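So the structure is just underneath, and the comments pick up after that.
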Amino acid sequence: MQNYNVEITDEILKEHNLKKEEYENILKILGRKPNIVELGVFSAMWSEHCSYKHSKPVLKKFPTKGKYVLQGPGENAGIIDTGFDIGVAFKIESHNHPSSVEPFQGAATGVGGILRDIFTMGARPVAILDSLRFGNLNTFKTQHLLKGVVSGIAFYGNCVGVPTVAGETFFEDAYQDNCLVNAMTIGIVNKKKIKKGIAKGPGNPVMYIGALTGRDGIHGASFASAELTEENQKRRSSVQVADPFMEKLLLEATLELIDKNLIIGIQDMGAAGLTSSSSEMAYRAGTGVEIDIDKVPKRELNMNAYEVLLSESQERMLLVCKKGNEKKVEKILKKWGLHAVKIGRVIKEQQFRIYEKGKIVADIPVRALTDSNYKYFPLKKQKGVKPAYLKDINIKIDDIKIPEDLESVLKKLISSPNIACKSNIWRQYDHMVQTNTFTLPGSDSAVINIKDKDLMIATSVDGNGRYVYLDPFLGGMAAVVEAARNVSMSGAQPVAFTNCLNFGNPEDPEIFYQFKKAVEGMAYAAKKLNTPVISGNVSFYNESPENAIYPTPVVGMVGYIKGKNKRYAKQYFKNEGDIIVLLGEIKEEIGASEYLKEIHNLIKGPVPAIDLKREINLQKTCVEGIKKEIIISAHDISKGGLAIALVECCISGSLHGNKAIGAYIELQSDIRVDALLFGETQSRAIVTVKRENLLKLKRIASKNKIIATEIGKTGGNRLIINIDWASKKYSKKLNIDIDEIKKLWMSGVNEYV
Amino acid sequence: MAKAKVYVTFKDGVLEPQGKTVNAALLKMGYKNIKDVRIGKFIEIEIENGDKKKIKKEIDEICDRLLANPNIEKYDFEIE
Amino acid sequence: MAKAKVYVTFKDGVLEPQGKTVNAALLKMGYKNIKDVRIGKFIEIEIENGDKKKIKKEIDEICDRLLANPNIEKYDFEIE
Amino acid sequence: MGKKIKFGVVVFPGSNCDADCLWAVRDILNQDAEFIWHESKNIKKYDCLIFPGGFSYGDYLRSGAIARFSKVMESINEFANKKNKFIIGICNGFQILLEAGLLPGTMLHNKNLKFICEYVNVIVENNETPFTNKCEKGQVLKIPVAHGEGNYFCDERTLNTLIATEKIAFRYCDINGNITDEANINGSVYNIAGIMNTKENILGMMPHPERAMIKDLGSEDGKLIWESLINYIKKS
Ligand SMILES: Nc1ncnc2c1ncn2[C@@H]1O[C@H](COP(=O)(O)OP(=O)(O)O)[C@@H](O)[C@H]1O
Ligand SMILES: [Mg+2]
């Protein structure tokens with residue numbers, strides 16, 4: 001057996017990303033020097049990825065309770081109640097670093113990880129969403145990453161048979177060195193069968209199921225917590241290969257085990273693999289675990305305890321069952337062509353104790369690894385400092401020249417990467433399997449039917465990193481608000497959300513400021529909207545020596561559509577001759593917009609203001625209007641402003657074989673025409689109604705103090721926008737062929753995927 | 001015309017799910033003495049004849065840039 | 001332990017999209033003298049040692065039954 | 001009404017449209033249906049076997065290649081040769097039937113090498129079959145596809161036989177029924193989307209009729225295929 005009692009040098013500490021103070025704490029915890037196995041275990045569990053040492057105090061600001069919350073943060077996934085016998089489990093997770101190095105496998109294993117987080121709770125996954133950020137689309141690097149990431153997500157989700165129903169894709173230079181790949185999964189669970197990751201009952205066996213353990217991703221956890229440098233890039237052993245077929249078998253086997261009530265607790269082996277799953281399960285149950293390294297199924301020869309404990313091989317789960325049930329567990333696994341292997345047992349002593357060849361090779365108090373309240377836990381009390389760049393970040397609107405040719409501005413915007421159609425992305429995802437996707441990709445949110453229940457789920461992922469960069473608090477609010485708004489455009493009441501916080505190095509006080517402010521903004525909006533946070537993930541160190549990414553919180557919102565009739569709306573115009581109504585106000589806000597970036601080459605604020613009362617009222621108006629069958633289509637105004645939203649209403653239906661429908665619009669307003677058309681003022685939507693229902697809509701709107709302005713009519717094959725100023729000489733007219741603009745919209749991103 | 005035969009295989013230690021699955025299938029089909037299966041790519045390239053050394057360099061470059069994924073795969077080739 | 005190396009390639013006349021795509025990509029990358037690319041499989045099988053002839057027969061059978069699809073593919077192998 | 005048709009949905013490790021097929025025939029069309037585990041040999045009692053879509057054995061090696069060695073396949077020829085027994089293979093199910101030699105030809109990777117999930121149009125080539133008798137000849141059906149290997153290939157002779165004996169069930173077309181290269185999303189020979197065996201009791205198709213069963217999903221055209229079969233069995 002290998003000698004693990006090596007001298008712990010500064011070099012070794014550095015390799016393990018452990019600070020001197022942290023090492024001293026280890027000495028205090030153990031009352032002796034750790035061996036190298038133990039050091040590895042501490043290093044993994046105290047890495048940012050597993051310990052949340054920088055983020056935990058800030059995350060406390062989120063509201064996490066509410067009448068719908070069955071399971072808040074802290075488990076593998078959160079769960080909300082539906083009012084029926086089922087709950088909805090969901091969570092989002094990042095796989096940024098692995099995807100930057102190896103886009104296909106990185107993104108694929110990212111999807112695998114988040115799927116396991118859901119089915120480990122006993123929930124059957126019903127939808128995947130993806131939120132992607134890349135650098136400049138004109139670079140080879142971005143094109144390579146984009147293709148790899150998208151095909152990796154497709155490869156995994158399609159094979160497992162879970163539809164990828166929605167997502168977002170955003171391009172900006174700040175992500176050139178660090179792409180972001182966040183994936184979310186939603187699952188449905190029978191409330192009586194919810195399972196948790198707990199190792200209860202001393203004496204009960206700890207069993208291992210799934211793929212064999214290889215040397216994959218050893219150090220993965222600490223790898224994900226370090227900046228991407230040249231040298232790190234070379235540490236390619238950190239890349240794991242995805243096996244979605246194994247995942248599908250694990251999924252079915254796990255759900256069958258839970259259905260037959262054979263297990264006490266189960267958790268997937270994610271970051272820090274066997275170490276984190278076993279110690280976390282013990283911690284939640286107030287117990288300890290003993291594991292015999294020799295029994296762990298291995299893929300490679302001569303793997304030692306260090307490697308086995310820290311391996312991040314994919315598609316593995318750890319479970320605890322009642323003593324005596326081992327045979328039954330094994331039988332079910334066998335049916336699926338898998339094995340369950342007993343590798344240890346639950347013990348009363350709250351120790352994480354590892355044996356190899358009969359000898360103890362690690363013996364650590366569980367709490368020291370998992371409990372952030374433990375006195376030696378490396379929780380950081382970081383302070384933020386307002387970044388210098390924020391001092392001079394806003395334009396004066398009068399300095400911005402209004403372009404003459406508005407039609408070409410519109411054309412340029414519609415084909416710009418952040419606005420252009422993403423259909424070649426989601427066309428690669430099976431978004432229809434399970435026959436529940438009532439609203440396919442291409443609308444504000446996906447709508448997923450729940451068969452046999454008077455219930456549907458609407459869901460959307462959103463987060464505008466540019467807004468957060470320019471104004472962290474407001475940007476944080478905007479992420480929550482836009483996700484909720486997207487969901488309500490389907491007619492759904494937003495219920496709760498999950499979030500993935502993608503930031504740079506938190507040890508940098510300016511980055512920490514962004515982080516803290518963004519979370520405060522999100523938390524504030526979440527409270528007001530009454531949408532608690534039920535799960536989430538933090539990804540720090542998304543930076544290269546050159547720059548950090550935009551602070552990018554991503555919100556995955558889930559809302560409910562209830563009632564016998566299951567009324568819902570899509571974003572595109574449905575019929576000719578419907579009345580088009582603008583809900584909300586027109587303001588002179590062009591800061592932070594796509595327009596400012598694409599046309600004036602400026603990434604500057606101010607970020608559009610958010611009045612949460614008005615936002616809530618707008619959402620209420622839409623939900624009520626859709627439920628009462630007054631609103632036929634609803635699309636919120638976001639990137640690109642009113643004009644882009646109108647174009648999308650005209651053409652997005654044609655993606656699924658419906659007809660593109662033109663519109664005639666009259667706008668009466670004396671504000672700057674660029675702000676009118678392209679400003680991203682919040683809390684607005686474009687809806688359509690039948691002429692005879694216009695008054696009803698206006699009543700609902702006025703009850704909610706929302707301005708409802710009739711701005712035109714659907715029909716024809718052109719989009720005509722007349723802008724009528726009091727002073728005629730400023731009046732403008734845009735007149736665009738729908739097919740032509742559709743071509744531009746379809747070309748911007750699709751040809752690179 | 002020259003012909004290059006390129007073999008792209010997974011690096012040692014990298015999980016190769018296809019091979020594992022085929023291996024299991026073969027055992028089930030009754031081929032009990034199969035111990036391991038690994039599935040890689042076999043790529044045949046026809047290339048205009050010319051300086052042998054140059055061709056070799058070119059194929060090597062092509063393997064490195066396109067045919068093999070250096071994160072998980074290795075390659076080997078011969079030229080006829 | 002014996003080792004079989006199996007080469008599965010497309011029959012002539014089968015329009016194999018992967019090879020075509022890689023070929024086009026290579027031309028685009030500037031490798032103008034590439035004339036044709038065909039992508040097949042390279043399968044390495046470890047098999048318990050024993051009678052050489054029997055092993056050969058077994059591998060042949062495996063290729064025929066599972067590893068190659070006779071409609072579109074042909075195969076070849078060697079045993080080490 | 002009369003008696004219900006008995007469908008069996010064959011489940012392989014990695015099948016993932018099995019539940020959708022069951023839902024389509026049992027919940028929407030009100031027939032008898034149940035799952036058949038791939039290790040079962042007991043298939044005699046069913047009128048129609050459905051080989052659902054998905055990724056049997058991960059689609060590793062070649063899609064359908066491993067599944068065809070399952071136990072359930074051992075008695076499949078016997079089943080198919082009986083009178084009034086039917087088999088529908090959808091997507092991966094179609095691929096399995098091809099690998100098993102129950103239908104001629106092979107699937108290659110889509111010509112763009114990408115997975116494609118979207119609604120497509122297919123034209124009914126032959127409406128005098130057990131699977132299409134409720135359709136008009138030349139009717140355009142809107143049904144989604146979702147596959148990475150749906151590029152149907154067969155040699156000239158096979159193709160000519162398929163054409164001459166009218167065993168081509170569906171071909172990819174545009175919304176007006178024109179058979180164009182553009183409509184041929186995956187590059188299939190002769191725009192082929194679905195074929196039958198000589199006896200016309202086995203249908204293989206790439207589009208997913210079980211996904212086009214209710215308006216909310218975007219189309220109800222998939223129903224016509226199931227209803228044709230139910231109609232045919234009831235009449236005979
Ligand atoms: N990576 C992706 N995966 C799946 N769907 C995507 C992806 N990117 C964009 N989409 C889809 O494209 C449509 C437009 O996206 P987006 O412009 O972000 O909408 P919104 O502004 O309403 O949030 C949405 O239906 C979205 O789900
Ligand atoms: Mg929107």
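Identifiers in the structure tokens: chain A, B, ... in order shown; residue index from 1 per chain; ligand index from 1 in order shown.
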Please identify all polymer residues within 9 Å of segment 50-56 of chain C, counting only C-alpha atoms, omitting same-chain residues fewer than 3 positions from it, and present them as a compact mmCIF listing (two decimals) with N, CA, C and O atoms, in the first residue's frame.
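New file result39.txt:
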# COMPACT_ATOMS: atom_id res chain seq x y z
N MET C 1 -3.55 -12.99 -23.24
CA MET C 1 -4.65 -12.21 -23.85
C MET C 1 -4.34 -11.95 -25.33
O MET C 1 -3.27 -11.49 -25.68
N ALA C 2 -5.30 -12.27 -26.18
CA ALA C 2 -5.13 -11.93 -27.60
C ALA C 2 -5.87 -10.63 -27.90
O ALA C 2 -6.75 -10.24 -27.16
N ALA C 4 -7.71 -8.38 -31.04
CA ALA C 4 -8.15 -8.27 -32.42
C ALA C 4 -8.33 -6.82 -32.78
O ALA C 4 -8.84 -6.03 -31.97
N ILE C 47 -9.42 -10.45 -26.07
CA ILE C 47 -10.11 -11.73 -26.00
C ILE C 47 -9.18 -12.74 -25.34
O ILE C 47 -7.96 -12.67 -25.51
N ILE C 59 -14.12 -13.90 -34.02
CA ILE C 59 -14.10 -12.47 -34.38
C ILE C 59 -14.83 -12.25 -35.70
O ILE C 59 -15.60 -11.29 -35.85
N ASP C 60 -14.62 -13.13 -36.61
CA ASP C 60 -15.30 -13.01 -37.89
C ASP C 60 -16.82 -13.02 -37.70
O ASP C 60 -17.55 -12.22 -38.26
N GLU C 61 -17.25 -13.92 -36.84
CA GLU C 61 -18.68 -14.03 -36.56
C GLU C 61 -19.21 -12.75 -35.91
O GLU C 61 -20.27 -12.24 -36.26
N PHE C 77 -10.00 -7.64 -40.35
CA PHE C 77 -9.41 -7.63 -39.01
C PHE C 77 -8.10 -8.39 -38.98
O PHE C 77 -7.77 -9.16 -39.88
N GLU C 78 -7.35 -8.13 -37.95
CA GLU C 78 -6.13 -8.90 -37.73
C GLU C 78 -6.07 -9.25 -36.25
O GLU C 78 -6.65 -8.56 -35.40
N ILE C 79 -5.37 -10.33 -35.99
CA ILE C 79 -5.29 -10.77 -34.59
C ILE C 79 -3.83 -10.78 -34.15
O ILE C 79 -2.95 -11.23 -34.87
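Proximity to segment 75-90 of chain D at 7 Å, evaluated using only C-alpha atoms and with sequence-adjacent residues fewer than 3 positions away removed, yields Lys41, Lys44, Asp47, Cys48, Leu49, Ile50, Phe51, Pro52, Gly53, Val72, Gly93, Phe94, Leu97, Asn201, Ile202, Leu203, Gly204, Met205, Met206, Pro207 and His208 of chain D.
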Please provide as a compact mmCIF listing (two decimals) with N, CA and C atoms, in the first residue's frame all residues within 12 Å of Asp405 of chain A, with the sequence filter that same-chain residues fewer than 2 positions apart are discarded (counting only C-alpha atoms).
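Contents of result_3.txt, freshly written:
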# COMPACT_ATOMS: atom_id res chain seq x y z
N LYS A 401 -26.58 60.32 -31.03
CA LYS A 401 -27.24 60.80 -32.25
C LYS A 401 -28.34 59.83 -32.67
N ILE A 402 -29.46 60.39 -33.06
CA ILE A 402 -30.55 59.52 -33.53
C ILE A 402 -30.30 59.17 -34.99
N PRO A 403 -30.27 57.90 -35.32
CA PRO A 403 -29.99 57.53 -36.71
C PRO A 403 -31.12 57.97 -37.64
N GLU A 407 -35.06 51.90 -40.67
CA GLU A 407 -35.24 50.55 -41.21
C GLU A 407 -33.95 49.76 -41.17
N SER A 408 -32.86 50.41 -41.53
CA SER A 408 -31.61 49.63 -41.49
C SER A 408 -31.16 49.36 -40.06
N VAL A 409 -31.51 50.25 -39.14
CA VAL A 409 -31.22 49.95 -37.74
C VAL A 409 -31.98 48.69 -37.32
N LEU A 410 -33.23 48.64 -37.68
CA LEU A 410 -34.05 47.48 -37.33
C LEU A 410 -33.46 46.20 -37.93
N LYS A 411 -33.03 46.32 -39.20
CA LYS A 411 -32.48 45.14 -39.86
C LYS A 411 -31.18 44.69 -39.21
N LYS A 412 -30.38 45.66 -38.84
CA LYS A 412 -29.12 45.29 -38.21
C LYS A 412 -29.38 44.60 -36.86
N ILE A 599 -25.59 49.57 -32.55
CA ILE A 599 -25.62 50.72 -33.46
C ILE A 599 -24.61 51.79 -33.06
N VAL A 673 -37.28 58.94 -31.22
CA VAL A 673 -37.77 57.80 -31.98
C VAL A 673 -36.93 56.55 -31.72
N ASP A 674 -35.64 56.72 -31.44
CA ASP A 674 -34.84 55.50 -31.16
C ASP A 674 -35.22 54.88 -29.83
N LYS A 732 -42.25 59.54 -38.89
CA LYS A 732 -41.42 58.53 -39.57
C LYS A 732 -42.29 57.36 -39.98
N LYS A 733 -41.80 56.65 -40.95
CA LYS A 733 -42.53 55.46 -41.35
C LYS A 733 -41.54 54.33 -41.65
N LEU A 734 -41.78 53.17 -41.07
CA LEU A 734 -40.99 51.99 -41.42
C LEU A 734 -41.91 51.03 -42.15
N ASN A 735 -41.39 50.44 -43.20
CA ASN A 735 -42.23 49.54 -43.99
C ASN A 735 -41.35 48.38 -44.45
Got a sec: who's within 10 Å of segment 20-36 of chain C, counting only C-alpha atoms, leaving out chain neighbours fewer than 5 positions off, as a count of residues only?
21
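Nearest residue to chain D among C:Ala68, C:Lys74, C:Thr9, C:Arg38 is C:Ala68, counting only C-alpha atoms.
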Neighbourhood of ligand 2 at 12 Å, counting only C-alpha atoms and all ligand atoms, reported as a compact mmCIF listing (two decimals) with C-alpha atoms, in the first residue's frame:
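Result saved to out_18.txt:
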# COMPACT_ATOMS: atom_id res chain seq x y z
CA ALA A 166 -36.20 26.47 -23.60
CA GLY A 167 -33.04 28.40 -23.01
CA GLU A 168 -31.16 31.51 -23.86
CA ILE A 419 -31.61 38.93 -31.03
CA PRO A 441 -39.06 26.87 -28.12
CA GLY A 442 -39.52 30.21 -29.80
CA SER A 443 -41.89 31.82 -27.33
CA ASP A 444 -41.19 33.68 -24.10
CA SER A 445 -41.53 30.54 -22.06
CA ALA A 446 -42.08 26.87 -22.66
CA THR A 459 -40.74 27.99 -17.49
CA SER A 460 -38.00 30.31 -18.70
CA VAL A 461 -34.34 31.01 -17.95
CA ASP A 462 -33.09 34.58 -18.08
CA GLY A 463 -30.31 36.82 -16.98
CA ASN A 464 -28.91 39.84 -18.72
CA ALA A 479 -33.06 38.84 -14.10
CA VAL A 481 -38.34 40.17 -13.20
CA GLU A 482 -37.74 39.15 -16.79
CA ALA A 483 -37.90 35.45 -16.04
CA ALA A 484 -41.18 35.96 -14.19
CA ARG A 485 -42.51 38.14 -16.97
CA ASN A 486 -41.66 35.55 -19.60
CA VAL A 487 -43.55 32.95 -17.64
CA SER A 488 -46.57 35.18 -17.17
CA MET A 489 -46.70 35.84 -20.92
CA SER A 490 -47.84 32.24 -21.22
CA LYS A 570 -47.83 31.97 -27.25
CA GLN A 571 -45.87 34.99 -28.27
CA TYR A 572 -46.66 35.19 -31.97
CA ALA A 634 -48.61 37.87 -25.53
CA HIS A 635 -44.96 38.79 -25.88
CA ASP A 636 -42.96 40.88 -23.48
CA ILE A 637 -40.69 43.64 -24.69
CA SER A 638 -37.08 42.94 -23.88
CA LYS A 639 -33.87 42.90 -25.95
CA GLY A 640 -34.25 45.26 -28.89
CA GLY A 641 -37.31 47.05 -27.57
CA LEU A 642 -40.75 47.55 -29.03
CA ILE A 644 -37.97 43.97 -32.26
CA ALA A 645 -40.78 42.58 -30.15
CA LEU A 646 -43.21 43.43 -32.94
CA GLU A 648 -40.83 38.62 -33.35
CA CYS A 649 -44.61 38.59 -32.94
CA GLU A 680 -35.68 48.45 -23.37
CA GLN A 682 -39.23 47.32 -18.50
CA SER A 683 -42.67 46.03 -17.62
CA ARG A 684 -44.18 46.05 -21.07
CA ALA A 685 -45.84 43.59 -23.38
CA ILE A 686 -47.48 43.35 -26.76
At most 7 Å to chain B: residues in chain A, only C-alpha atoms, as a PyMOL selection string
chain A and resi 102+214-215+236+241+243+300
Would you mind listing what lies within 8 Å of Leu146 of chain A as a list of chain:residue names, with only C-alpha atoms counted and same-chain residues fewer than 2 positions away left out?
A:Pro103, A:Phe134, A:Thr142, A:Gln143, A:His144, A:Gly148, A:Val149, A:Val150, A:Tyr752, A:Val753
Expected file: the selected residues, C-alpha atoms, as a PDB file, in the first residue's frame:
ATOM      1  CA  PRO A 103     -17.276  21.939 -24.999  1.00  0.00           C
ATOM      2  CA  PHE A 134     -20.240  32.965 -25.420  1.00  0.00           C
ATOM      3  CA  THR A 142     -16.697  31.010 -30.158  1.00  0.00           C
ATOM      4  CA  GLN A 143     -17.989  29.095 -33.146  1.00  0.00           C
ATOM      5  CA  HIS A 144     -16.149  26.018 -31.970  1.00  0.00           C
ATOM      6  CA  GLY A 148     -19.575  21.751 -29.230  1.00  0.00           C
ATOM      7  CA  VAL A 149     -21.741  22.901 -26.354  1.00  0.00           C
ATOM      8  CA  VAL A 150     -24.993  22.679 -28.285  1.00  0.00           C
ATOM      9  CA  TYR A 752     -22.790  29.182 -37.021  1.00  0.00           C
ATOM     10  CA  VAL A 753     -24.482  26.336 -35.184  1.00  0.00           C
TER      11      VAL A 753
END
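Picture a line from atom CA of Leu301 of chain A to atom CA of Met207 of chain A; it runs 21.3 Å.
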For chain D, report every residue with an atom at most 7 Å from chain A (counting only C-alpha atoms), formatted as a PyMOL selection string.
chain D and resi 13-14+16-17+20+54-55+57-58+114-119+146+211+216-217
Those same residues - N, CA and C atoms - I'd like them written as a PDB file, in the first residue's frame.
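The result, written out as part17.pdb:
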ATOM      1  N   PRO D  13     -33.624  -1.236 -23.077  1.00  0.00           N
ATOM      2  CA  PRO D  13     -32.857  -0.264 -22.289  1.00  0.00           C
ATOM      3  C   PRO D  13     -32.531   0.916 -23.210  1.00  0.00           C
ATOM      4  N   GLY D  14     -32.965   2.085 -22.838  1.00  0.00           N
ATOM      5  CA  GLY D  14     -32.689   3.270 -23.659  1.00  0.00           C
ATOM      6  C   GLY D  14     -33.842   3.710 -24.517  1.00  0.00           C
ATOM      7  N   ASN D  16     -37.083   5.638 -25.230  1.00  0.00           N
ATOM      8  CA  ASN D  16     -37.644   6.755 -24.470  1.00  0.00           C
ATOM      9  C   ASN D  16     -38.934   7.333 -25.031  1.00  0.00           C
ATOM     10  N   CYS D  17     -39.455   6.729 -26.077  1.00  0.00           N
ATOM     11  CA  CYS D  17     -40.773   7.137 -26.542  1.00  0.00           C
ATOM     12  C   CYS D  17     -41.807   6.067 -26.206  1.00  0.00           C
ATOM     13  N   ASP D  20     -44.837   7.507 -24.513  1.00  0.00           N
ATOM     14  CA  ASP D  20     -45.624   8.316 -25.449  1.00  0.00           C
ATOM     15  C   ASP D  20     -46.474   7.438 -26.358  1.00  0.00           C
ATOM     16  N   GLY D  54     -36.296   6.357 -29.396  1.00  0.00           N
ATOM     17  CA  GLY D  54     -35.398   6.478 -28.258  1.00  0.00           C
ATOM     18  C   GLY D  54     -33.984   6.143 -28.669  1.00  0.00           C
ATOM     19  N   PHE D  55     -33.219   5.695 -27.714  1.00  0.00           N
ATOM     20  CA  PHE D  55     -31.817   5.372 -27.971  1.00  0.00           C
ATOM     21  C   PHE D  55     -31.535   4.013 -27.342  1.00  0.00           C
ATOM     22  N   TYR D  57     -29.848   0.991 -26.166  1.00  0.00           N
ATOM     23  CA  TYR D  57     -28.406   0.788 -25.919  1.00  0.00           C
ATOM     24  C   TYR D  57     -27.601   2.026 -26.313  1.00  0.00           C
ATOM     25  N   GLY D  58     -28.213   3.171 -26.094  1.00  0.00           N
ATOM     26  CA  GLY D  58     -27.502   4.424 -26.309  1.00  0.00           C
ATOM     27  C   GLY D  58     -27.277   4.745 -27.773  1.00  0.00           C
ATOM     28  N   LYS D 114     -26.410  16.444 -37.927  1.00  0.00           N
ATOM     29  CA  LYS D 114     -26.975  16.945 -36.673  1.00  0.00           C
ATOM     30  C   LYS D 114     -28.284  16.266 -36.352  1.00  0.00           C
ATOM     31  N   PHE D 115     -28.568  16.254 -35.087  1.00  0.00           N
ATOM     32  CA  PHE D 115     -29.880  15.796 -34.652  1.00  0.00           C
ATOM     33  C   PHE D 115     -30.897  16.844 -35.111  1.00  0.00           C
ATOM     34  N   ILE D 116     -32.028  16.388 -35.597  1.00  0.00           N
ATOM     35  CA  ILE D 116     -33.059  17.323 -36.049  1.00  0.00           C
ATOM     36  C   ILE D 116     -34.375  16.994 -35.360  1.00  0.00           C
ATOM     37  N   CYS D 117     -34.901  17.990 -34.647  1.00  0.00           N
ATOM     38  CA  CYS D 117     -36.215  17.830 -34.052  1.00  0.00           C
ATOM     39  C   CYS D 117     -37.091  18.942 -34.579  1.00  0.00           C
ATOM     40  N   GLU D 118     -38.095  18.596 -35.373  1.00  0.00           N
ATOM     41  CA  GLU D 118     -39.025  19.614 -35.855  1.00  0.00           C
ATOM     42  C   GLU D 118     -40.207  18.962 -36.548  1.00  0.00           C
ATOM     43  N   TYR D 119     -41.237  19.763 -36.760  1.00  0.00           N
ATOM     44  CA  TYR D 119     -42.367  19.290 -37.551  1.00  0.00           C
ATOM     45  C   TYR D 119     -41.962  19.211 -39.008  1.00  0.00           C
ATOM     46  N   ALA D 146     -37.498  13.502 -34.889  1.00  0.00           N
ATOM     47  CA  ALA D 146     -36.484  13.788 -33.870  1.00  0.00           C
ATOM     48  C   ALA D 146     -35.439  12.687 -33.969  1.00  0.00           C
ATOM     49  N   ARG D 211     -46.482  11.654 -31.458  1.00  0.00           N
ATOM     50  CA  ARG D 211     -46.311  13.030 -30.986  1.00  0.00           C
ATOM     51  C   ARG D 211     -47.296  13.988 -31.647  1.00  0.00           C
ATOM     52  N   ASP D 216     -53.014  20.601 -29.228  1.00  0.00           N
ATOM     53  CA  ASP D 216     -52.088  21.381 -28.415  1.00  0.00           C
ATOM     54  C   ASP D 216     -50.629  21.041 -28.703  1.00  0.00           C
ATOM     55  N   LEU D 217     -50.402  19.843 -29.205  1.00  0.00           N
ATOM     56  CA  LEU D 217     -49.020  19.467 -29.526  1.00  0.00           C
ATOM     57  C   LEU D 217     -48.635  19.925 -30.931  1.00  0.00           C
TER      58      LEU D 217
END
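Closest approach to chain C among B:Tyr7, B:Glu80, B:Lys57, B:Tyr75 is made by B:Tyr7 (distances from only C-alpha atoms).
You can rank D:Tyr190, D:Phe153, D:Trp226, D:Tyr60 by their closest distance to chain B using only C-alpha atoms, and at the top of that list sits D:Tyr60.
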